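Report on the structure given below.
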Protein chains: 2
Amino acid sequence: QNIVGGRPETCLCQKTRDSLRVNRRYIENIEIFPPSNFCMKLEIIVNLKNGNKYCLNPEAQKIRQMIKNLQSKYMP
Amino acid sequence: QNIVGGRPETCLCQKTRDSLRVNRRYIENIEIFPPSNFCMKLEIIVNLKNGNKYCLNPEAQKIRQMIKNLQSKYMP
């Protein structure tokens with residue numbers, strides 16, 4: 001678990017994953033944190049319904065695709 | 001303010017905005033909630049540092065662009 005927890009005055013993520021195989025059903029939400037005074041990097045965190053959290057690599061193609069899929073598949 | 005608050009057993013958003021003019025500096029994070037048993041719709045909520053929250057229309061072009069910009073501009 002590499003989330004420092006809450007919004008400390010540091011980056012939230014030490015390590016990030018370039019992909020995450022999880023069914024959408026298990027995703028509580030995805031949080032996108034723009035760079036801030038606390039952290040120069042853009043950070044993306046997925047929160048699962050079982051309480052697990054994972055840092056995702058914003059630059060990884062699979063992660064970008066995942067976020068895009070999340071938004072597109074549900075268009076009417 | 002149209003957020004029901006927390007994760008009630010309903011949709012989080014009644015109304016959504018098709019655009020939001022706010023400088024990235026003021027954004028705490030953006031949350032993407034996939035459809036769930038509680039809510040059939042994909043919901044996107046932006047949390048501002050001043051505590052305000054706004055529901056964004058996932059289908060609106062400007063919102064999609066906003067999320068894309070958020071992820072792309074910070075690529076090294």
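Identifiers in the structure tokens: chain A, B, ... in order shown; residue index from 1 per chain; ligand index from 1 in order shown.
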
With only C-alpha atoms as the counted atoms, please give the residues lying no more than 10 Å from region 61-65 of chain A, apart from itself and same-chain residues fewer than 4 positions off, as a PDB file with all heavy atoms, in the first residue's frame.
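File produced: out.pdb:
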```pdb
ATOM      1  N   ARG A  17       1.202   2.070 -10.787  1.00  0.00           N
ATOM      2  CA  ARG A  17       1.023   0.896 -11.644  1.00  0.00           C
ATOM      3  C   ARG A  17       0.743   1.373 -13.061  1.00  0.00           C
ATOM      4  O   ARG A  17       0.028   2.354 -13.257  1.00  0.00           O
ATOM      5  CB  ARG A  17      -0.169   0.079 -11.154  1.00  0.00           C
ATOM      6  CG  ARG A  17      -0.039  -0.407  -9.729  1.00  0.00           C
ATOM      7  CD  ARG A  17      -1.324  -1.038  -9.291  1.00  0.00           C
ATOM      8  NE  ARG A  17      -1.546  -2.283  -9.997  1.00  0.00           N
ATOM      9  CZ  ARG A  17      -1.518  -3.474  -9.381  1.00  0.00           C
ATOM     10  NH1 ARG A  17      -1.252  -3.551  -8.107  1.00  0.00           N
ATOM     11  NH2 ARG A  17      -1.749  -4.577 -10.063  1.00  0.00           N
ATOM     12  N   ASP A  18       1.284   0.661 -14.032  1.00  0.00           N
ATOM     13  CA  ASP A  18       1.044   1.013 -15.429  1.00  0.00           C
ATOM     14  C   ASP A  18      -0.229   0.375 -15.964  1.00  0.00           C
ATOM     15  O   ASP A  18      -0.673   0.697 -17.066  1.00  0.00           O
ATOM     16  CB  ASP A  18       2.230   0.552 -16.306  1.00  0.00           C
ATOM     17  CG  ASP A  18       3.451   1.456 -16.054  1.00  0.00           C
ATOM     18  OD1 ASP A  18       3.269   2.522 -15.419  1.00  0.00           O
ATOM     19  OD2 ASP A  18       4.557   1.087 -16.457  1.00  0.00           O
ATOM     20  N   SER A  19      -0.783  -0.524 -15.166  1.00  0.00           N
ATOM     21  CA  SER A  19      -2.064  -1.108 -15.592  1.00  0.00           C
ATOM     22  C   SER A  19      -2.736  -1.668 -14.347  1.00  0.00           C
ATOM     23  O   SER A  19      -2.086  -1.870 -13.318  1.00  0.00           O
ATOM     24  CB  SER A  19      -1.825  -2.229 -16.608  1.00  0.00           C
ATOM     25  OG  SER A  19      -1.167  -3.304 -15.956  1.00  0.00           O
ATOM     26  N   LEU A  20      -4.015  -1.922 -14.464  1.00  0.00           N
ATOM     27  CA  LEU A  20      -4.747  -2.491 -13.328  1.00  0.00           C
ATOM     28  C   LEU A  20      -5.904  -3.312 -13.881  1.00  0.00           C
ATOM     29  O   LEU A  20      -6.805  -2.783 -14.516  1.00  0.00           O
ATOM     30  CB  LEU A  20      -5.304  -1.372 -12.431  1.00  0.00           C
ATOM     31  CG  LEU A  20      -5.991  -1.854 -11.141  1.00  0.00           C
ATOM     32  CD1 LEU A  20      -4.969  -2.495 -10.208  1.00  0.00           C
ATOM     33  CD2 LEU A  20      -6.693  -0.712 -10.426  1.00  0.00           C
ATOM     34  N   ARG A  21      -5.816  -4.613 -13.704  1.00  0.00           N
ATOM     35  CA  ARG A  21      -6.879  -5.473 -14.199  1.00  0.00           C
ATOM     36  C   ARG A  21      -7.919  -5.606 -13.081  1.00  0.00           C
ATOM     37  O   ARG A  21      -7.729  -6.336 -12.117  1.00  0.00           O
ATOM     38  CB  ARG A  21      -6.321  -6.850 -14.580  1.00  0.00           C
ATOM     39  CG  ARG A  21      -5.372  -6.822 -15.770  1.00  0.00           C
ATOM     40  CD  ARG A  21      -4.910  -8.222 -16.143  1.00  0.00           C
ATOM     41  NE  ARG A  21      -6.055  -9.070 -16.496  1.00  0.00           N
ATOM     42  CZ  ARG A  21      -6.675  -9.015 -17.678  1.00  0.00           C
ATOM     43  NH1 ARG A  21      -6.277  -8.124 -18.570  1.00  0.00           N
ATOM     44  NH2 ARG A  21      -7.670  -9.796 -17.959  1.00  0.00           N
ATOM     45  N   ILE A  44      -3.042   9.873  -9.877  1.00  0.00           N
ATOM     46  CA  ILE A  44      -4.348   9.236 -10.103  1.00  0.00           C
ATOM     47  C   ILE A  44      -4.455   8.037  -9.163  1.00  0.00           C
ATOM     48  O   ILE A  44      -3.557   7.194  -9.117  1.00  0.00           O
ATOM     49  CB  ILE A  44      -4.487   8.768 -11.568  1.00  0.00           C
ATOM     50  CG1 ILE A  44      -4.419   9.979 -12.511  1.00  0.00           C
ATOM     51  CG2 ILE A  44      -5.805   8.027 -11.761  1.00  0.00           C
ATOM     52  CD1 ILE A  44      -4.552   9.652 -13.978  1.00  0.00           C
ATOM     53  N   LEU A  56      -2.031   4.964  -9.908  1.00  0.00           N
ATOM     54  CA  LEU A  56      -1.927   4.609 -11.322  1.00  0.00           C
ATOM     55  C   LEU A  56      -1.020   5.609 -12.031  1.00  0.00           C
ATOM     56  O   LEU A  56      -1.028   6.804 -11.709  1.00  0.00           O
ATOM     57  CB  LEU A  56      -3.323   4.619 -11.955  1.00  0.00           C
ATOM     58  CG  LEU A  56      -4.386   3.766 -11.255  1.00  0.00           C
ATOM     59  CD1 LEU A  56      -5.728   3.905 -11.964  1.00  0.00           C
ATOM     60  CD2 LEU A  56      -3.963   2.300 -11.190  1.00  0.00           C
ATOM     61  N   ASN A  57      -0.265   5.121 -12.986  1.00  0.00           N
ATOM     62  CA  ASN A  57       0.661   5.975 -13.727  1.00  0.00           C
ATOM     63  C   ASN A  57      -0.106   6.755 -14.796  1.00  0.00           C
ATOM     64  O   ASN A  57      -0.584   6.164 -15.772  1.00  0.00           O
ATOM     65  CB  ASN A  57       1.739   5.099 -14.369  1.00  0.00           C
ATOM     66  CG  ASN A  57       2.684   5.928 -15.231  1.00  0.00           C
ATOM     67  OD1 ASN A  57       2.583   7.157 -15.286  1.00  0.00           O
ATOM     68  ND2 ASN A  57       3.582   5.249 -15.934  1.00  0.00           N
ATOM     69  N   ASN A  69     -12.208   4.680 -21.161  1.00  0.00           N
ATOM     70  CA  ASN A  69     -13.277   3.671 -21.233  1.00  0.00           C
ATOM     71  C   ASN A  69     -14.340   3.955 -20.184  1.00  0.00           C
ATOM     72  O   ASN A  69     -15.534   3.863 -20.453  1.00  0.00           O
ATOM     73  CB  ASN A  69     -12.707   2.274 -20.988  1.00  0.00           C
ATOM     74  CG  ASN A  69     -11.888   1.808 -22.162  1.00  0.00           C
ATOM     75  OD1 ASN A  69     -11.917   2.447 -23.211  1.00  0.00           O
ATOM     76  ND2 ASN A  69     -11.128   0.738 -21.981  1.00  0.00           N
ATOM     77  N   LEU A  70     -13.834   4.313 -19.031  1.00  0.00           N
ATOM     78  CA  LEU A  70     -14.754   4.555 -17.922  1.00  0.00           C
ATOM     79  C   LEU A  70     -15.754   5.636 -18.290  1.00  0.00           C
ATOM     80  O   LEU A  70     -16.915   5.591 -17.944  1.00  0.00           O
ATOM     81  CB  LEU A  70     -13.927   5.018 -16.713  1.00  0.00           C
ATOM     82  CG  LEU A  70     -14.539   4.753 -15.342  1.00  0.00           C
ATOM     83  CD1 LEU A  70     -14.591   3.251 -15.103  1.00  0.00           C
ATOM     84  CD2 LEU A  70     -13.704   5.405 -14.262  1.00  0.00           C
ATOM     85  N   GLN A  71     -15.275   6.602 -19.052  1.00  0.00           N
ATOM     86  CA  GLN A  71     -16.138   7.733 -19.402  1.00  0.00           C
ATOM     87  C   GLN A  71     -16.953   7.450 -20.653  1.00  0.00           C
ATOM     88  O   GLN A  71     -18.060   7.934 -20.806  1.00  0.00           O
ATOM     89  CB  GLN A  71     -15.287   8.979 -19.664  1.00  0.00           C
ATOM     90  CG  GLN A  71     -14.606   9.523 -18.433  1.00  0.00           C
ATOM     91  CD  GLN A  71     -13.771  10.738 -18.771  1.00  0.00           C
ATOM     92  OE1 GLN A  71     -14.286  11.841 -18.943  1.00  0.00           O
ATOM     93  NE2 GLN A  71     -12.477  10.548 -18.935  1.00  0.00           N
TER      94      GLN A  71
ATOM     95  N   LYS B  68      -9.177  15.470 -19.997  1.00  0.00           N
ATOM     96  CA  LYS B  68      -8.061  15.115 -20.878  1.00  0.00           C
ATOM     97  C   LYS B  68      -6.907  16.091 -20.634  1.00  0.00           C
ATOM     98  O   LYS B  68      -5.765  15.683 -20.450  1.00  0.00           O
ATOM     99  CB  LYS B  68      -8.547  15.213 -22.327  1.00  0.00           C
ATOM    100  CG  LYS B  68      -7.910  14.172 -23.248  1.00  0.00           C
ATOM    101  CD  LYS B  68      -8.592  14.209 -24.608  1.00  0.00           C
ATOM    102  CE  LYS B  68      -7.688  13.586 -25.644  1.00  0.00           C
ATOM    103  NZ  LYS B  68      -8.183  13.867 -27.023  1.00  0.00           N
ATOM    104  N   GLN B  71      -4.887  15.507 -17.622  1.00  0.00           N
ATOM    105  CA  GLN B  71      -3.968  14.383 -17.686  1.00  0.00           C
ATOM    106  C   GLN B  71      -2.822  14.656 -18.659  1.00  0.00           C
ATOM    107  O   GLN B  71      -1.723  14.179 -18.478  1.00  0.00           O
ATOM    108  CB  GLN B  71      -4.710  13.126 -18.165  1.00  0.00           C
ATOM    109  CG  GLN B  71      -5.697  12.601 -17.165  1.00  0.00           C
ATOM    110  CD  GLN B  71      -6.396  11.371 -17.718  1.00  0.00           C
ATOM    111  OE1 GLN B  71      -5.852  10.285 -17.704  1.00  0.00           O
ATOM    112  NE2 GLN B  71      -7.589  11.551 -18.261  1.00  0.00           N
ATOM    113  N   SER B  72      -3.104  15.435 -19.671  1.00  0.00           N
ATOM    114  CA  SER B  72      -2.070  15.508 -20.713  1.00  0.00           C
ATOM    115  C   SER B  72      -1.064  16.608 -20.423  1.00  0.00           C
ATOM    116  O   SER B  72       0.125  16.401 -20.460  1.00  0.00           O
ATOM    117  CB  SER B  72      -2.734  15.775 -22.058  1.00  0.00           C
ATOM    118  OG  SER B  72      -3.389  17.045 -21.942  1.00  0.00           O
TER     119      SER B  72
END
```

| said: Within 7 Å of chain A, which residues belong to chain B? Use only C-alpha atoms and report them as a ChimeraX atom specification. | reply: /B:25,28-34,36,42,58-59,70-71,74-75

| field | DSSP-assigned strand (DSSP E) among chain B, expressed as a ChimeraX atom specification | value | /B:27-33,43-48,53-56

Pull N, CA, C and O atoms from the residues just selected and write them as a PDB file, in the first residue's frame.
```
ATOM      1  N   ILE B  27      -8.297  23.317  -7.984  1.00  0.00           N
ATOM      2  CA  ILE B  27      -8.926  21.989  -7.952  1.00  0.00           C
ATOM      3  C   ILE B  27      -8.178  21.094  -6.971  1.00  0.00           C
ATOM      4  O   ILE B  27      -6.966  20.911  -7.068  1.00  0.00           O
ATOM      5  N   GLU B  28      -8.903  20.559  -6.002  1.00  0.00           N
ATOM      6  CA  GLU B  28      -8.313  19.583  -5.067  1.00  0.00           C
ATOM      7  C   GLU B  28      -8.194  18.248  -5.798  1.00  0.00           C
ATOM      8  O   GLU B  28      -7.136  17.675  -5.909  1.00  0.00           O
ATOM      9  N   ASN B  29      -9.316  17.761  -6.299  1.00  0.00           N
ATOM     10  CA  ASN B  29      -9.266  16.561  -7.145  1.00  0.00           C
ATOM     11  C   ASN B  29     -10.559  16.417  -7.931  1.00  0.00           C
ATOM     12  O   ASN B  29     -11.498  17.181  -7.735  1.00  0.00           O
ATOM     13  N   ILE B  30     -10.539  15.472  -8.866  1.00  0.00           N
ATOM     14  CA  ILE B  30     -11.745  15.122  -9.622  1.00  0.00           C
ATOM     15  C   ILE B  30     -12.015  13.655  -9.338  1.00  0.00           C
ATOM     16  O   ILE B  30     -11.098  12.825  -9.379  1.00  0.00           O
ATOM     17  N   GLU B  31     -13.262  13.347  -8.994  1.00  0.00           N
ATOM     18  CA  GLU B  31     -13.627  11.963  -8.709  1.00  0.00           C
ATOM     19  C   GLU B  31     -14.535  11.446  -9.823  1.00  0.00           C
ATOM     20  O   GLU B  31     -15.496  12.108 -10.200  1.00  0.00           O
ATOM     21  N   ILE B  32     -14.206  10.266 -10.314  1.00  0.00           N
ATOM     22  CA  ILE B  32     -15.029   9.622 -11.347  1.00  0.00           C
ATOM     23  C   ILE B  32     -15.667   8.401 -10.698  1.00  0.00           C
ATOM     24  O   ILE B  32     -14.969   7.498 -10.230  1.00  0.00           O
ATOM     25  N   PHE B  33     -16.996   8.408 -10.627  1.00  0.00           N
ATOM     26  CA  PHE B  33     -17.726   7.281 -10.020  1.00  0.00           C
ATOM     27  C   PHE B  33     -18.373   6.463 -11.138  1.00  0.00           C
ATOM     28  O   PHE B  33     -19.277   6.967 -11.812  1.00  0.00           O
ATOM     29  N   GLU B  43     -20.823   9.211 -12.814  1.00  0.00           N
ATOM     30  CA  GLU B  43     -20.866  10.555 -12.218  1.00  0.00           C
ATOM     31  C   GLU B  43     -19.443  11.085 -12.041  1.00  0.00           C
ATOM     32  O   GLU B  43     -18.529  10.341 -11.668  1.00  0.00           O
ATOM     33  N   ILE B  44     -19.282  12.380 -12.302  1.00  0.00           N
ATOM     34  CA  ILE B  44     -17.975  13.029 -12.164  1.00  0.00           C
ATOM     35  C   ILE B  44     -18.137  14.250 -11.263  1.00  0.00           C
ATOM     36  O   ILE B  44     -19.000  15.097 -11.500  1.00  0.00           O
ATOM     37  N   ILE B  45     -17.332  14.281 -10.213  1.00  0.00           N
ATOM     38  CA  ILE B  45     -17.432  15.376  -9.249  1.00  0.00           C
ATOM     39  C   ILE B  45     -16.059  16.047  -9.110  1.00  0.00           C
ATOM     40  O   ILE B  45     -15.042  15.372  -8.989  1.00  0.00           O
ATOM     41  N   VAL B  46     -16.053  17.379  -9.195  1.00  0.00           N
ATOM     42  CA  VAL B  46     -14.807  18.113  -8.969  1.00  0.00           C
ATOM     43  C   VAL B  46     -14.881  18.729  -7.582  1.00  0.00           C
ATOM     44  O   VAL B  46     -15.905  19.318  -7.196  1.00  0.00           O
ATOM     45  N   ASN B  47     -13.841  18.514  -6.812  1.00  0.00           N
ATOM     46  CA  ASN B  47     -13.746  19.083  -5.466  1.00  0.00           C
ATOM     47  C   ASN B  47     -12.744  20.226  -5.509  1.00  0.00           C
ATOM     48  O   ASN B  47     -11.586  20.023  -5.903  1.00  0.00           O
ATOM     49  N   LEU B  48     -13.191  21.394  -5.122  1.00  0.00           N
ATOM     50  CA  LEU B  48     -12.293  22.538  -5.129  1.00  0.00           C
ATOM     51  C   LEU B  48     -11.642  22.701  -3.756  1.00  0.00           C
ATOM     52  O   LEU B  48     -12.146  22.210  -2.746  1.00  0.00           O
ATOM     53  N   LYS B  53     -18.045  21.759  -4.272  1.00  0.00           N
ATOM     54  CA  LYS B  53     -18.058  20.557  -5.114  1.00  0.00           C
ATOM     55  C   LYS B  53     -19.018  20.829  -6.271  1.00  0.00           C
ATOM     56  O   LYS B  53     -20.036  21.502  -6.080  1.00  0.00           O
ATOM     57  N   TYR B  54     -18.695  20.324  -7.442  1.00  0.00           N
ATOM     58  CA  TYR B  54     -19.593  20.487  -8.590  1.00  0.00           C
ATOM     59  C   TYR B  54     -19.712  19.152  -9.322  1.00  0.00           C
ATOM     60  O   TYR B  54     -18.709  18.462  -9.506  1.00  0.00           O
ATOM     61  N   CYS B  55     -20.947  18.840  -9.720  1.00  0.00           N
ATOM     62  CA  CYS B  55     -21.167  17.675 -10.567  1.00  0.00           C
ATOM     63  C   CYS B  55     -20.951  18.084 -12.017  1.00  0.00           C
ATOM     64  O   CYS B  55     -21.447  19.133 -12.434  1.00  0.00           O
ATOM     65  N   LEU B  56     -20.222  17.299 -12.742  1.00  0.00           N
ATOM     66  CA  LEU B  56     -19.916  17.624 -14.131  1.00  0.00           C
ATOM     67  C   LEU B  56     -20.588  16.608 -15.041  1.00  0.00           C
ATOM     68  O   LEU B  56     -20.667  15.422 -14.711  1.00  0.00           O
TER      69      LEU B  56
END
```

| task | Could you tell me how far CA of Lys15 (chain B) lies from CA of Met66 (chain A), in Å and to one decimal? | result | 25.5 Å

| field | Picked from chain A by DSSP as helix (DSSP H, G or I), as a list in words | value | Arg24, Arg25, Tyr26, Gln61, Lys62, Ile63, Arg64, Gln65, Met66, Ile67, Lys68, Asn69, Leu70, Gln71 and Ser72 of chain A

Just N, CA, C and O atoms for this one: save the residues we selected as an mmCIF file, in the first residue's frame.
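Saved to selection.cif:
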```
data_model
loop_
_atom_site.group_PDB
_atom_site.id
_atom_site.type_symbol
_atom_site.label_atom_id
_atom_site.label_comp_id
_atom_site.auth_asym_id
_atom_site.auth_seq_id
_atom_site.Cartn_x
_atom_site.Cartn_y
_atom_site.Cartn_z
ATOM 1 N N ARG A 24 -14.884 -3.148 -13.500
ATOM 2 C CA ARG A 24 -15.432 -1.840 -13.122
ATOM 3 C C ARG A 24 -16.356 -1.949 -11.904
ATOM 4 O O ARG A 24 -16.442 -1.056 -11.096
ATOM 5 N N ARG A 25 -16.981 -3.110 -11.785
ATOM 6 C CA ARG A 25 -17.944 -3.303 -10.680
ATOM 7 C C ARG A 25 -17.281 -3.095 -9.316
ATOM 8 O O ARG A 25 -17.915 -2.710 -8.352
ATOM 9 N N TYR A 26 -15.938 -3.362 -9.284
ATOM 10 C CA TYR A 26 -15.243 -3.303 -7.989
ATOM 11 C C TYR A 26 -14.654 -1.928 -7.710
ATOM 12 O O TYR A 26 -14.020 -1.723 -6.682
ATOM 13 N N GLN A 61 -0.275 4.116 -21.103
ATOM 14 C CA GLN A 61 -1.329 4.029 -22.112
ATOM 15 C C GLN A 61 -2.562 3.293 -21.556
ATOM 16 O O GLN A 61 -3.701 3.734 -21.723
ATOM 17 N N LYS A 62 -2.307 2.200 -20.840
ATOM 18 C CA LYS A 62 -3.446 1.398 -20.342
ATOM 19 C C LYS A 62 -4.267 2.171 -19.325
ATOM 20 O O LYS A 62 -5.482 2.014 -19.223
ATOM 21 N N ILE A 63 -3.593 3.025 -18.566
ATOM 22 C CA ILE A 63 -4.327 3.802 -17.559
ATOM 23 C C ILE A 63 -5.164 4.877 -18.255
ATOM 24 O O ILE A 63 -6.342 5.083 -17.955
ATOM 25 N N ARG A 64 -4.559 5.507 -19.238
ATOM 26 C CA ARG A 64 -5.310 6.537 -19.985
ATOM 27 C C ARG A 64 -6.531 5.896 -20.633
ATOM 28 O O ARG A 64 -7.637 6.433 -20.616
ATOM 29 N N GLN A 65 -6.311 4.713 -21.180
ATOM 30 C CA GLN A 65 -7.402 4.016 -21.861
ATOM 31 C C GLN A 65 -8.495 3.650 -20.854
ATOM 32 O O GLN A 65 -9.686 3.808 -21.134
ATOM 33 N N MET A 66 -8.061 3.206 -19.685
ATOM 34 C CA MET A 66 -9.002 2.807 -18.628
ATOM 35 C C MET A 66 -9.909 3.979 -18.274
ATOM 36 O O MET A 66 -11.121 3.862 -18.205
ATOM 37 N N ILE A 67 -9.312 5.148 -18.106
ATOM 38 C CA ILE A 67 -10.091 6.330 -17.725
ATOM 39 C C ILE A 67 -11.010 6.729 -18.860
ATOM 40 O O ILE A 67 -12.175 7.078 -18.671
ATOM 41 N N LYS A 68 -10.501 6.627 -20.078
ATOM 42 C CA LYS A 68 -11.310 6.952 -21.251
ATOM 43 C C LYS A 68 -12.493 5.971 -21.335
ATOM 44 O O LYS A 68 -13.639 6.379 -21.495
ATOM 45 N N ASN A 69 -12.208 4.680 -21.161
ATOM 46 C CA ASN A 69 -13.277 3.671 -21.233
ATOM 47 C C ASN A 69 -14.340 3.955 -20.184
ATOM 48 O O ASN A 69 -15.534 3.863 -20.453
ATOM 49 N N LEU A 70 -13.834 4.313 -19.031
ATOM 50 C CA LEU A 70 -14.754 4.555 -17.922
ATOM 51 C C LEU A 70 -15.754 5.636 -18.290
ATOM 52 O O LEU A 70 -16.915 5.591 -17.944
ATOM 53 N N GLN A 71 -15.275 6.602 -19.052
ATOM 54 C CA GLN A 71 -16.138 7.733 -19.402
ATOM 55 C C GLN A 71 -16.953 7.450 -20.653
ATOM 56 O O GLN A 71 -18.060 7.934 -20.806
ATOM 57 N N SER A 72 -16.415 6.660 -21.533
ATOM 58 C CA SER A 72 -17.099 6.567 -22.822
ATOM 59 C C SER A 72 -18.142 5.459 -22.808
ATOM 60 O O SER A 72 -19.279 5.645 -23.202
#
```

| query | Distance CA of Asn52 (chain A)-CA of Thr10 (chain B), one decimal place? | reply | 22.7 Å

| said: Using Å and a single decimal, report how far CA of Gly51 (chain B) sits from CA of Cys11 (chain A). | reply: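 Computed distance, CA of Cys11 (chain A) to CA of Gly51 (chain B), equals 20.2 Å.
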